[in-house]
file query_30.cif (mmCIF, C-alpha atoms)
data_start
loop_
_atom_site.label_atom_id
_atom_site.label_comp_id
_atom_site.auth_asym_id
_atom_site.auth_seq_id
_atom_site.Cartn_x
_atom_site.Cartn_y
_atom_site.Cartn_z
CA MET A 142 119.38 75.13 -23.63
CA THR A 143 119.67 78.68 -24.86
CA VAL A 144 123.25 79.85 -25.61
CA ARG A 145 123.79 83.46 -24.61
CA ASP A 146 126.49 85.91 -25.56
CA PRO A 147 128.94 86.03 -22.59
CA VAL A 148 129.11 89.80 -22.99
CA GLU A 149 125.34 90.07 -22.58
CA GLU A 150 124.09 90.90 -19.09
CA ASP A 151 122.99 87.93 -17.02
CA PRO A 152 119.18 87.72 -17.32
CA PHE A 153 118.70 87.12 -13.60
CA GLU A 154 120.80 90.17 -12.75
CA ALA A 155 118.87 92.23 -15.31
CA ALA A 156 115.59 91.14 -13.70
CA ARG A 157 116.92 92.01 -10.24
CA ARG A 158 118.10 95.44 -11.42
CA ALA A 159 114.69 96.17 -12.94
CA ALA A 160 113.01 95.21 -9.66
CA LEU A 161 115.46 97.36 -7.69
CA ALA A 162 114.66 100.38 -9.88
CA LEU A 163 110.95 99.81 -9.27
CA ARG A 164 111.51 99.44 -5.53
CA GLN A 165 113.40 102.73 -5.34
CA GLU A 166 110.70 104.57 -7.30
CA ILE A 167 107.92 103.13 -5.13
CA ALA A 168 109.80 104.25 -2.01
CA ARG A 169 109.52 107.87 -3.22
CA ALA A 170 105.72 107.69 -3.02
CA ILE A 171 104.92 104.92 -0.51
CA VAL A 172 106.14 105.13 3.09
CA GLY A 173 106.84 101.73 4.65
CA GLN A 174 104.74 98.74 3.50
CA SER A 175 107.96 96.89 2.61
CA GLY A 176 106.29 93.46 2.72
CA ALA A 177 103.49 94.52 0.36
CA VAL A 178 105.98 96.18 -1.99
CA GLU A 179 108.13 93.03 -2.18
CA GLU A 180 105.06 90.92 -2.95
CA LEU A 181 103.97 93.32 -5.68
CA LEU A 182 107.46 93.31 -7.20
CA ALA A 183 107.38 89.51 -7.23
CA CYS A 184 104.03 89.65 -9.06
CA ILE A 185 105.42 92.05 -11.66
CA LEU A 186 108.46 89.82 -12.26
CA CYS A 187 106.16 86.81 -12.73
CA GLY A 188 103.85 88.73 -15.05
CA GLY A 189 100.98 87.75 -12.74
CA HIS A 190 97.93 89.57 -11.41
CA ALA A 191 97.69 91.00 -7.89
CA LEU A 192 94.71 91.69 -5.63
CA ILE A 193 95.57 94.51 -3.20
CA GLU A 194 93.38 94.67 -0.10
CA GLY A 195 93.27 97.29 2.65
CA VAL A 196 91.03 99.82 4.34
CA PRO A 197 90.57 103.24 2.67
CA GLY A 198 93.46 105.70 2.80
CA LEU A 199 96.37 103.25 3.01
CA GLY A 200 97.67 103.97 -0.49
CA LYS A 201 96.42 100.98 -2.50
CA THR A 202 95.62 103.00 -5.61
CA LEU A 203 98.74 105.14 -5.18
CA LEU A 204 100.89 101.99 -5.02
CA ALA A 205 99.43 100.63 -8.25
CA ARG A 206 99.66 103.98 -10.02
CA THR A 207 103.29 104.49 -8.92
CA VAL A 208 104.23 101.11 -10.39
CA ALA A 209 102.54 102.06 -13.65
CA GLN A 210 104.33 105.41 -13.85
CA ALA A 211 107.71 103.78 -13.24
CA MET A 212 107.23 101.38 -16.15
CA SER A 213 106.95 102.28 -19.82
CA LEU A 214 103.80 100.21 -20.22
CA SER A 215 100.41 101.28 -21.49
CA PHE A 216 98.21 101.92 -18.44
CA ARG A 217 94.46 102.18 -17.90
CA ARG A 218 92.56 102.77 -14.68
CA ILE A 219 89.01 101.40 -14.44
CA GLN A 220 86.76 102.52 -11.59
CA PHE A 221 84.50 99.56 -10.86
CA THR A 222 80.92 100.54 -10.04
CA PRO A 223 77.61 98.63 -9.73
CA ASP A 224 76.46 99.86 -13.16
CA LEU A 225 79.66 98.84 -14.99
CA LEU A 226 78.91 96.52 -17.95
CA PRO A 227 81.14 93.80 -19.48
CA SER A 228 81.31 95.81 -22.71
CA ASP A 229 82.71 98.73 -20.70
CA LEU A 230 85.75 96.52 -20.04
CA VAL A 231 86.37 94.44 -23.14
CA GLY A 232 84.93 96.75 -25.78
CA THR A 233 82.10 96.44 -28.27
CA GLU A 234 81.33 96.19 -31.97
CA VAL A 235 79.95 99.29 -33.67
CA ILE A 236 78.43 99.71 -37.10
CA LEU A 237 80.18 102.20 -39.36
CA GLY A 238 78.57 103.55 -42.50
CA ASP A 239 80.23 104.85 -45.65
CA PRO A 240 78.36 108.04 -46.75
CA ALA A 241 79.59 107.67 -50.32
CA THR A 242 78.50 104.08 -50.98
CA GLY A 243 75.98 103.53 -48.21
CA ASP A 244 77.80 100.34 -47.18
CA ARG A 245 77.90 99.39 -43.54
CA ARG A 246 80.49 97.34 -41.72
CA GLU A 247 81.18 96.24 -38.17
CA LYS A 248 84.28 97.38 -36.36
CA PHE A 249 85.54 96.30 -32.96
CA MET A 250 86.28 99.15 -30.57
CA PRO A 251 88.61 97.83 -27.85
CA GLY A 252 87.87 98.64 -24.21
CA PRO A 253 90.25 99.68 -21.43
CA LEU A 254 91.39 96.08 -20.87
CA PHE A 255 93.60 96.49 -23.93
CA ALA A 256 96.57 97.81 -21.97
CA ASN A 257 99.71 96.30 -20.46
CA LEU A 258 98.84 97.34 -16.91
CA VAL A 259 95.21 97.64 -15.83
CA LEU A 260 94.21 99.08 -12.46
CA ALA A 261 90.82 97.64 -11.46
CA ASP A 262 89.98 100.04 -8.64
CA GLU A 263 87.49 98.73 -6.05
CA ILE A 264 86.91 95.61 -8.10
CA ASN A 265 84.38 94.19 -5.66
CA ARG A 266 81.89 96.98 -6.46
CA ALA A 267 81.08 95.50 -9.88
CA PRO A 268 78.32 92.86 -10.22
CA PRO A 269 79.20 89.20 -10.93
CA LYS A 270 78.41 89.48 -14.66
CA THR A 271 80.99 92.22 -15.09
CA GLN A 272 83.57 90.44 -12.93
CA ALA A 273 83.07 87.33 -15.07
CA ALA A 274 84.22 89.32 -18.10
CA LEU A 275 87.70 89.31 -16.56
CA LEU A 276 88.01 85.51 -16.36
CA GLU A 277 89.11 84.88 -19.95
CA ALA A 278 91.28 87.99 -20.00
CA MET A 279 93.17 87.16 -16.80
CA GLU A 280 93.83 83.50 -17.61
CA GLU A 281 94.20 83.40 -21.39
CA ARG A 282 95.27 86.99 -22.07
CA GLN A 283 92.52 87.37 -24.67
CA VAL A 284 88.87 88.43 -24.97
CA THR A 285 86.10 87.15 -27.21
CA VAL A 286 83.49 89.52 -28.62
CA GLY A 287 80.90 88.51 -31.20
CA GLY A 288 82.57 85.14 -31.69
CA VAL A 289 85.92 86.73 -32.56
CA THR A 290 88.92 86.37 -30.24
CA TYR A 291 91.26 89.34 -29.74
CA PRO A 292 94.67 88.96 -28.04
CA LEU A 293 95.55 91.36 -25.25
CA PRO A 294 98.89 93.22 -25.14
CA ASP A 295 101.95 91.41 -23.81
CA PRO A 296 102.54 91.71 -20.91
CA PHE A 297 99.02 91.96 -19.50
CA ILE A 298 98.85 92.53 -15.73
CA VAL A 299 95.78 93.34 -13.64
CA LEU A 300 96.28 95.14 -10.32
CA ALA A 301 92.96 95.15 -8.47
CA THR A 302 92.11 96.91 -5.22
CA GLU A 303 89.34 96.16 -2.73
CA ASN A 304 88.14 97.34 0.65
CA PRO A 305 87.72 94.47 3.15
CA ILE A 306 85.42 96.21 5.62
CA GLU A 307 82.79 97.98 3.53
CA GLN A 308 80.11 95.49 2.49
CA GLU A 309 77.24 97.72 1.32
CA GLY A 310 77.17 97.94 -2.47
CA THR A 311 79.88 95.31 -2.93
CA TYR A 312 79.90 91.79 -4.39
CA PRO A 313 82.16 88.92 -3.26
CA LEU A 314 84.72 87.97 -5.89
CA PRO A 315 83.96 84.54 -7.43
CA ALA A 316 86.35 81.77 -6.41
CA ALA A 317 87.32 81.26 -10.07
CA GLN A 318 88.35 84.90 -10.32
CA CYS A 319 90.27 84.87 -7.02
CA ASP A 320 92.22 81.86 -8.27
CA ARG A 321 93.45 83.87 -11.25
CA PHE A 322 95.22 86.37 -9.00
CA LEU A 323 98.77 85.18 -8.39
CA MET A 324 98.87 86.98 -5.03
CA LYS A 325 96.56 88.69 -2.60
CA ILE A 326 98.56 91.52 -1.04
CA GLU A 327 97.31 92.89 2.26
CA ILE A 328 98.19 96.46 3.25
CA ASP A 329 97.98 97.33 6.94
CA TYR A 330 98.21 100.54 8.94
CA PRO A 331 101.66 102.18 9.01
CA LYS A 332 103.90 102.22 12.04
CA GLU A 333 104.02 105.34 14.22
CA GLU A 334 107.15 106.88 12.66
CA GLU A 335 105.93 106.04 9.16
CA GLU A 336 102.64 107.80 9.91
CA ARG A 337 104.57 110.91 10.95
CA GLN A 338 106.29 110.92 7.56
CA ILE A 339 102.95 110.53 5.79
CA ALA A 340 101.45 113.39 7.81
CA ARG A 341 104.36 115.68 6.85
CA TRP A 342 103.94 114.94 3.14
CA THR A 343 102.37 118.01 1.56
CA GLY A 344 102.13 117.56 -2.18
CA PRO A 345 102.55 115.36 -5.27
CA LEU A 346 105.93 114.04 -6.34
CA GLU A 347 107.49 115.43 -9.47
CA SER A 348 107.00 113.17 -12.46
CA ARG A 349 110.04 111.32 -13.78
CA PRO A 350 110.67 109.32 -16.95
CA SER A 351 109.84 105.61 -16.90
CA LEU A 352 112.57 103.46 -15.40
CA VAL A 353 111.64 99.98 -16.64
CA SER A 354 110.82 99.15 -20.25
CA ARG A 355 108.27 96.72 -21.59
CA GLU A 356 111.10 94.57 -22.95
CA ALA A 357 112.72 94.43 -19.50
CA VAL A 358 109.45 93.15 -17.97
CA CYS A 359 109.14 90.45 -20.64
CA ARG A 360 112.79 89.41 -20.24
CA ALA A 361 112.42 89.20 -16.46
CA ARG A 362 109.39 86.94 -16.87
CA GLU A 363 111.30 84.65 -19.21
CA ALA A 364 114.35 84.62 -16.93
CA LEU A 365 112.22 83.21 -14.11
CA ARG A 366 111.33 80.22 -16.28
CA ASP A 367 115.05 79.43 -16.63
CA LEU A 368 115.80 79.63 -12.91
CA PRO A 369 116.98 76.22 -11.58
CA ILE A 370 114.36 74.46 -9.42
CA PRO A 371 115.75 71.87 -6.97
CA LEU A 372 113.54 68.81 -6.68
CA TYR A 373 113.04 69.32 -2.96
CA VAL A 374 111.66 72.81 -3.63
CA LEU A 375 109.20 71.44 -6.19
CA ASP A 376 108.27 68.75 -3.68
CA ALA A 377 107.76 71.34 -0.94
CA VAL A 378 105.46 73.43 -3.18
CA CYS A 379 103.27 70.44 -4.04
CA ARG A 380 103.12 69.25 -0.44
CA VAL A 381 102.18 72.66 0.89
CA VAL A 382 99.35 73.06 -1.61
CA ARG A 383 98.02 69.54 -1.11
CA ALA A 384 98.05 70.05 2.65
CA THR A 385 95.28 72.65 2.22
CA ARG A 386 92.83 70.15 0.71
CA PRO A 387 90.48 68.48 3.21
CA GLN A 388 89.84 65.52 0.89
CA ASP A 389 93.55 64.62 0.75
CA ARG A 390 94.25 61.60 2.94
CA ALA A 391 97.56 62.93 4.20
CA ALA A 392 96.25 66.42 5.03
CA PRO A 393 96.44 67.37 8.73
CA ALA A 394 93.29 67.06 10.83
CA LEU A 395 93.01 70.83 11.14
CA THR A 396 92.51 71.09 7.39
CA GLU A 397 89.28 69.12 7.48
CA ARG A 398 88.07 71.09 10.49
CA THR A 399 88.75 74.58 9.13
CA ILE A 400 88.92 74.47 5.30
CA ALA A 401 85.91 73.83 3.07
CA CYS A 402 87.83 74.02 -0.22
CA GLY A 403 91.59 73.93 -0.67
CA ALA A 404 94.00 75.44 -3.18
CA SER A 405 93.96 74.43 -6.85
CA PRO A 406 96.79 73.07 -9.05
CA ARG A 407 97.06 76.61 -10.42
CA ALA A 408 98.08 77.64 -6.90
CA ALA A 409 101.00 75.21 -7.02
CA ARG A 410 102.18 76.69 -10.30
CA ASP A 411 101.85 80.23 -8.94
CA LEU A 412 103.56 79.38 -5.64
CA LEU A 413 106.56 78.04 -7.53
CA LEU A 414 106.67 81.17 -9.73
CA ALA A 415 106.43 83.44 -6.69
CA ALA A 416 109.23 81.52 -4.97
CA GLN A 417 111.41 81.97 -8.05
CA ALA A 418 110.68 85.70 -8.06
CA ARG A 419 111.64 85.88 -4.37
CA ALA A 420 114.97 84.27 -5.22
CA VAL A 421 115.66 86.85 -7.94
CA LEU A 422 114.70 89.72 -5.62
CA SER A 423 117.16 88.32 -3.07
CA GLY A 424 119.95 88.29 -5.66
CA ARG A 425 120.20 84.51 -5.91
CA GLY A 426 120.30 82.39 -9.04
CA PHE A 427 118.50 79.46 -7.44
CA THR A 428 115.26 78.86 -5.58
CA SER A 429 115.23 77.68 -1.95
CA ALA A 430 112.60 76.32 0.40
CA GLY A 431 112.77 79.62 2.28
CA ASP A 432 111.45 81.35 -0.84
CA VAL A 433 108.44 79.01 -0.74
CA ALA A 434 107.88 79.98 2.89
CA ASP A 435 108.07 83.70 2.08
CA ALA A 436 105.51 83.42 -0.72
CA ALA A 437 103.08 80.91 0.82
CA ARG A 438 100.70 83.32 2.56
CA ALA A 439 100.25 85.78 -0.31
CA VAL A 440 99.73 83.02 -2.87
CA LEU A 441 97.35 80.85 -0.82
CA ARG A 442 95.32 83.22 1.41
CA HIS A 443 92.70 84.02 -1.25
CA ARG A 444 92.49 80.49 -2.67
CA ILE A 445 91.25 78.60 0.39
CA ILE A 446 87.62 78.80 1.50
CA LEU A 447 87.18 78.61 5.26
CA ARG A 448 84.32 76.87 7.00
CA TRP A 449 81.91 79.09 8.92
CA SER A 450 82.88 77.24 12.10
CA ALA A 451 86.52 78.27 11.59
CA ARG A 452 85.52 81.92 11.18
CA ALA A 453 83.38 81.64 14.32
CA GLU A 454 86.47 80.46 16.20
CA GLY A 455 88.34 83.58 15.10
CA PHE A 456 90.49 82.04 12.36
CA ASP A 457 91.47 84.02 9.30
CA ALA A 458 93.12 82.60 6.18
CA ASP A 459 96.68 83.38 7.29
CA ALA A 460 96.20 81.76 10.69
CA VAL A 461 94.76 78.63 9.10
CA ILE A 462 97.61 78.42 6.58
CA ASP A 463 100.20 78.73 9.35
CA ARG A 464 98.56 76.09 11.55
CA VAL A 465 97.89 73.68 8.71
CA LEU A 466 101.51 73.90 7.62
CA ALA A 467 102.73 73.44 11.18
CA GLN A 468 100.68 70.24 11.55
CA SER A 469 101.20 68.88 8.07
CA PRO A 470 103.10 65.59 7.85
CA PHE A 471 104.19 66.71 4.37
CA VAL A 472 106.12 69.64 5.81
CA GLN A 473 107.25 68.03 9.04
CA GLY A 474 108.58 65.03 7.15
CA SER A 475 110.78 67.27 5.01
CA ILE A 476 112.30 69.46 7.72
CA GLU A 477 114.92 66.90 8.74
CA GLU A 478 116.22 66.70 5.16
CA HIS A 479 115.78 70.39 4.39
CA PRO A 480 115.93 72.58 7.53
CA ALA A 481 115.04 75.69 5.51
CA LEU A 482 111.44 74.43 5.49
CA ALA A 483 111.27 75.21 9.21
CA GLY A 484 110.48 78.77 8.17
CA LEU A 485 107.05 77.58 7.09
CA LEU A 486 106.20 76.89 10.70
CA ALA A 487 106.93 80.41 11.95
#

call {"tool": "encode", "arguments": {"input": "query_30.cif", "output": "structure tokens"}}
result
Amino acid sequence: MTVRDPVEEDPFEAARRAALALRQEIARAIVGQSGAVEELLACILCGGHALIEGVPGLGKTLLARTVAQAMSLSFRRIQFTPDLLPSDLVGTEVILGDPATGDRREKFMPGPLFANLVLADEINRAPPKTQAALLEAMEERQVTVGGVTYPLPDPFIVLATENPIEQEGTYPLPAAQCDRFLMKIEIDYPKEEEERQIARWTGPLESRPSLVSREAVCRAREALRDLPIPLYVLDAVCRVVRATRPQDRAAPALTERTIACGASPRAARDLLLAAQARAVLSGRGFTSAGDVADAARAVLRHRIILRWSARAEGFDADAVIDRVLAQSPFVQGSIEEHPALAGLLA
């Protein structure tokens, strides 16, 4: 156990204060979207990647850019297009010559992935070969070029945006890549009063100095690892994830009927991390089953593959997750001991 100076600020409180500063800065640029903002803040605290989905004009890119401006992290924006090459992301080796001696040597020129915060705008417009270049970077925080491995900056966070309705000129994200996003954040149309505020907005906000340092982001990530995890919360996370797998004997009948492929063990790890981040954002020094309920949709919606028959019946991922949880003997068997799990059935 790490011994800390009693005068030093509590790491959980420091993480919460950093998230609060980010929330206030985002509110200056983004009207409403409180649920999406909370999910993005949880992702930042975890040091995980986020996939932001919504129709054009809802502020996906603005949300990602506002987060970048509020943090003193290196930032790069990459516009994904059909002609984007893997080397355009990770970098390439060039040959440099010495005019005096005539000697030549290879030098690696890093690409835009070498930044703390990378905005992958309209990620589904790049072909599969280019998307595959992100797999090693997102999971292992490194890239390999010419047989040499180069570490990426710490922290390394990818915020990707995509449009769910425009299919022409787009490519579906591979399941392996989707699984590397800690959360899929969905942005919906604003409410009526919020849309009035957006319509009245007439110009850009004045720039302000960064509010959250790189060190604060790294400390917040480490603080989450030290957050106490009750055994029943760990049990709830594992049961929820296993309930999405049709091959699991104890999965509810609806799982086999609607889900072709369930969530991976990585999803269980990410769901626990997201629940811990929710606890910190709520100002608590412990994780509860309610935090698992709050994070379940965003962590699991992009990791389950629905059957075509389920889509034909009008199911989407969120509806399936809700119904599977409601019918799962894993969850129902835990509610009597831990009533907070009832929130999973809402």

call {"tool": "resolve_selection", "arguments": {"input": "query_30.cif", "expression": "the PyMOL selection byres ((chain A and resi 220) around 12)", "output": "ChimeraX atom specification"}}
result
/A:202,217-219,221-226,229-230,253,259-267,301-303

call {"tool": "residues_near_point", "arguments": {"input": "query_30.cif", "point": "(92.1, 68.6, 9.5)", "cutoff": "12 Å", "atoms": "all atoms listed in the file", "output": "PyMOL selection string"}}
result
chain A and resi 384-403+447-448+451+461-462+464-470

call {"tool": "axis_aligned_box", "arguments": {"input": "query_30.cif", "around": "range 272-287 of chain A", "padding_each_side": "6 Å", "output": "JSON"}}
result
{"center_x": 88.1, "center_y": 86.9, "center_z": -22.1, "size_x": 26.4, "size_y": 19.0, "size_z": 30.3}

call {"tool": "resolve_selection", "arguments": {"input": "query_30.cif", "expression": "the PyMOL selection byres ((chain A and resi 280) around 12)", "output": "ChimeraX atom specification"}}
result
/A:188-190,273-279,281-284,292-293,297-299,317-323,407

call {"tool": "resolve_selection", "arguments": {"input": "query_30.cif", "expression": "the PyMOL selection byres ((chain A and resi 364-377) around 8)", "output": "list of chain:residue names"}}
result
A:Pro152, A:Phe153, A:Ala156, A:Leu186, A:Cys187, A:Arg360, A:Ala361, A:Arg362, A:Glu363, A:Val378, A:Cys379, A:Arg380, A:Val381, A:Leu413, A:Leu414, A:Gln417, A:Ala418, A:Val421, A:Gly426, A:Phe427, A:Thr428, A:Ser429, A:Ala430, A:Val433, A:Phe471, A:Val472, A:Ser475, A:His479

call {"tool": "residues_around", "arguments": {"input": "query_30.cif", "residues": "Ala177 in chain A", "least_positions_apart": "3", "cutoff": "7 Å", "atoms": "all atoms listed in the file", "output": "list of chain:residue names"}}
result
A:Gln174, A:Glu180, A:Leu181, A:Ile326, A:Glu327, A:Ile328

call {"tool": "atom_distance", "arguments": {"input": "query_30.cif", "atom1": "CA of Val289 in chain A", "atom2": "CA of Glu234 in chain A"}}
result
10.5 Å

call {"tool": "closest_residue", "arguments": {"input": "query_30.cif", "among": "A:Ser423, A:Gln272, A:Leu314, A:Leu258", "to": "Glu179 in chain A", "atoms": "all atoms listed in the file"}}
result
A:Ser423

call {"tool": "atom_distance", "arguments": {"input": "query_30.cif", "atom1": "CA of Gly288 in chain A", "atom2": "CA of Tyr312 in chain A"}}
result
28.2 Å

call {"tool": "atom_distance", "arguments": {"input": "query_30.cif", "atom1": "CA of Asp457 in chain A", "atom2": "CA of Asn304 in chain A"}}
result
16.2 Å

call {"tool": "closest_residue", "arguments": {"input": "query_30.cif", "among": "A:Ala460, A:Val358, A:Val286, A:Ala415", "to": "Ala191 in chain A", "atoms": "all atoms listed in the file"}}
result
A:Ala415

call {"tool": "decode", "arguments": {"input": "query_30.cif", "residues": "range 388-476 of chain A", "atoms": "C-alpha atoms", "output": "compact mmCIF listing (two decimals), in the first residue's frame"}}
result
# COMPACT_ATOMS: atom_id res chain seq x y z
CA GLN A 388 -23.00 -19.61 -25.54
CA ASP A 389 -23.08 -19.12 -21.76
CA ARG A 390 -25.37 -21.70 -20.16
CA ALA A 391 -26.78 -19.27 -17.62
CA ALA A 392 -27.47 -16.49 -20.13
CA PRO A 393 -31.16 -15.54 -20.52
CA ALA A 394 -33.08 -16.97 -23.47
CA LEU A 395 -33.31 -13.55 -25.09
CA THR A 396 -29.53 -13.47 -25.43
CA GLU A 397 -29.47 -16.47 -27.74
CA ARG A 398 -32.38 -15.07 -29.76
CA THR A 399 -30.99 -11.57 -30.29
CA ILE A 400 -27.18 -11.60 -29.86
CA ALA A 401 -24.80 -13.26 -32.31
CA CYS A 402 -21.61 -12.39 -30.40
CA GLY A 403 -21.38 -11.12 -26.83
CA ALA A 404 -18.98 -8.85 -24.98
CA SER A 405 -15.34 -9.79 -24.43
CA PRO A 406 -13.32 -10.05 -21.18
CA ARG A 407 -11.90 -6.64 -22.11
CA ALA A 408 -15.45 -5.32 -21.74
CA ALA A 409 -15.55 -6.55 -18.14
CA ARG A 410 -12.31 -4.73 -17.37
CA ASP A 411 -13.58 -1.55 -19.02
CA LEU A 412 -16.98 -1.74 -17.33
CA LEU A 413 -15.29 -1.91 -13.94
CA LEU A 414 -13.05 1.05 -14.82
CA ALA A 415 -16.03 3.08 -16.04
CA ALA A 416 -17.94 2.28 -12.84
CA GLN A 417 -14.98 3.49 -10.79
CA ALA A 418 -14.86 6.72 -12.81
CA ARG A 419 -18.59 7.22 -12.19
CA ALA A 420 -17.96 6.91 -8.46
CA VAL A 421 -15.24 9.57 -8.57
CA LEU A 422 -17.44 11.89 -10.63
CA SER A 423 -20.15 11.47 -7.99
CA GLY A 424 -17.72 12.44 -5.22
CA ARG A 425 -17.56 9.01 -3.63
CA GLY A 426 -14.48 7.07 -2.59
CA PHE A 427 -16.03 3.69 -3.32
CA THR A 428 -17.72 1.96 -6.24
CA SER A 429 -21.36 0.84 -6.06
CA ALA A 430 -23.59 -1.38 -8.16
CA GLY A 431 -25.41 1.75 -9.29
CA ASP A 432 -22.19 2.90 -10.96
CA VAL A 433 -22.16 -0.35 -12.93
CA ALA A 434 -25.74 0.35 -14.01
CA ASP A 435 -24.87 3.89 -15.11
CA ALA A 436 -21.93 2.72 -17.24
CA ALA A 437 -23.38 -0.50 -18.70
CA ARG A 438 -24.94 0.89 -21.88
CA ALA A 439 -22.01 3.04 -23.01
CA VAL A 440 -19.47 0.28 -22.35
CA LEU A 441 -21.42 -2.60 -23.92
CA ARG A 442 -23.49 -1.13 -26.79
CA HIS A 443 -20.67 -1.30 -29.36
CA ARG A 444 -19.31 -4.67 -28.21
CA ILE A 445 -22.34 -6.89 -28.87
CA ILE A 446 -23.23 -8.00 -32.40
CA LEU A 447 -26.97 -8.35 -32.96
CA ARG A 448 -28.57 -11.00 -35.11
CA TRP A 449 -30.31 -9.80 -38.25
CA SER A 450 -33.58 -11.18 -36.88
CA ALA A 451 -33.25 -8.92 -33.83
CA ARG A 452 -32.72 -5.87 -36.03
CA ALA A 453 -35.73 -6.91 -38.12
CA GLU A 454 -37.81 -6.91 -34.93
CA GLY A 455 -36.76 -3.32 -34.24
CA PHE A 456 -34.18 -3.98 -31.52
CA ASP A 457 -31.13 -1.77 -31.13
CA ALA A 458 -28.14 -2.51 -28.91
CA ASP A 459 -29.43 -0.50 -25.93
CA ALA A 460 -32.84 -2.20 -26.00
CA VAL A 461 -31.22 -5.62 -26.13
CA ILE A 462 -28.87 -4.80 -23.25
CA ASP A 463 -31.78 -3.59 -21.11
CA ARG A 464 -33.93 -6.65 -21.82
CA VAL A 465 -31.10 -9.13 -21.42
CA LEU A 466 -30.21 -7.62 -18.06
CA ALA A 467 -33.84 -7.63 -16.97
CA GLN A 468 -34.16 -11.35 -17.76
CA SER A 469 -30.74 -12.43 -16.58
CA PRO A 470 -30.69 -14.82 -13.62
CA PHE A 471 -27.26 -13.38 -12.80
CA VAL A 472 -28.74 -9.95 -12.14
CA GLN A 473 -32.06 -11.06 -10.70
CA GLY A 474 -30.30 -13.38 -8.27
CA SER A 475 -28.25 -10.49 -6.90
CA ILE A 476 -31.00 -7.91 -6.42
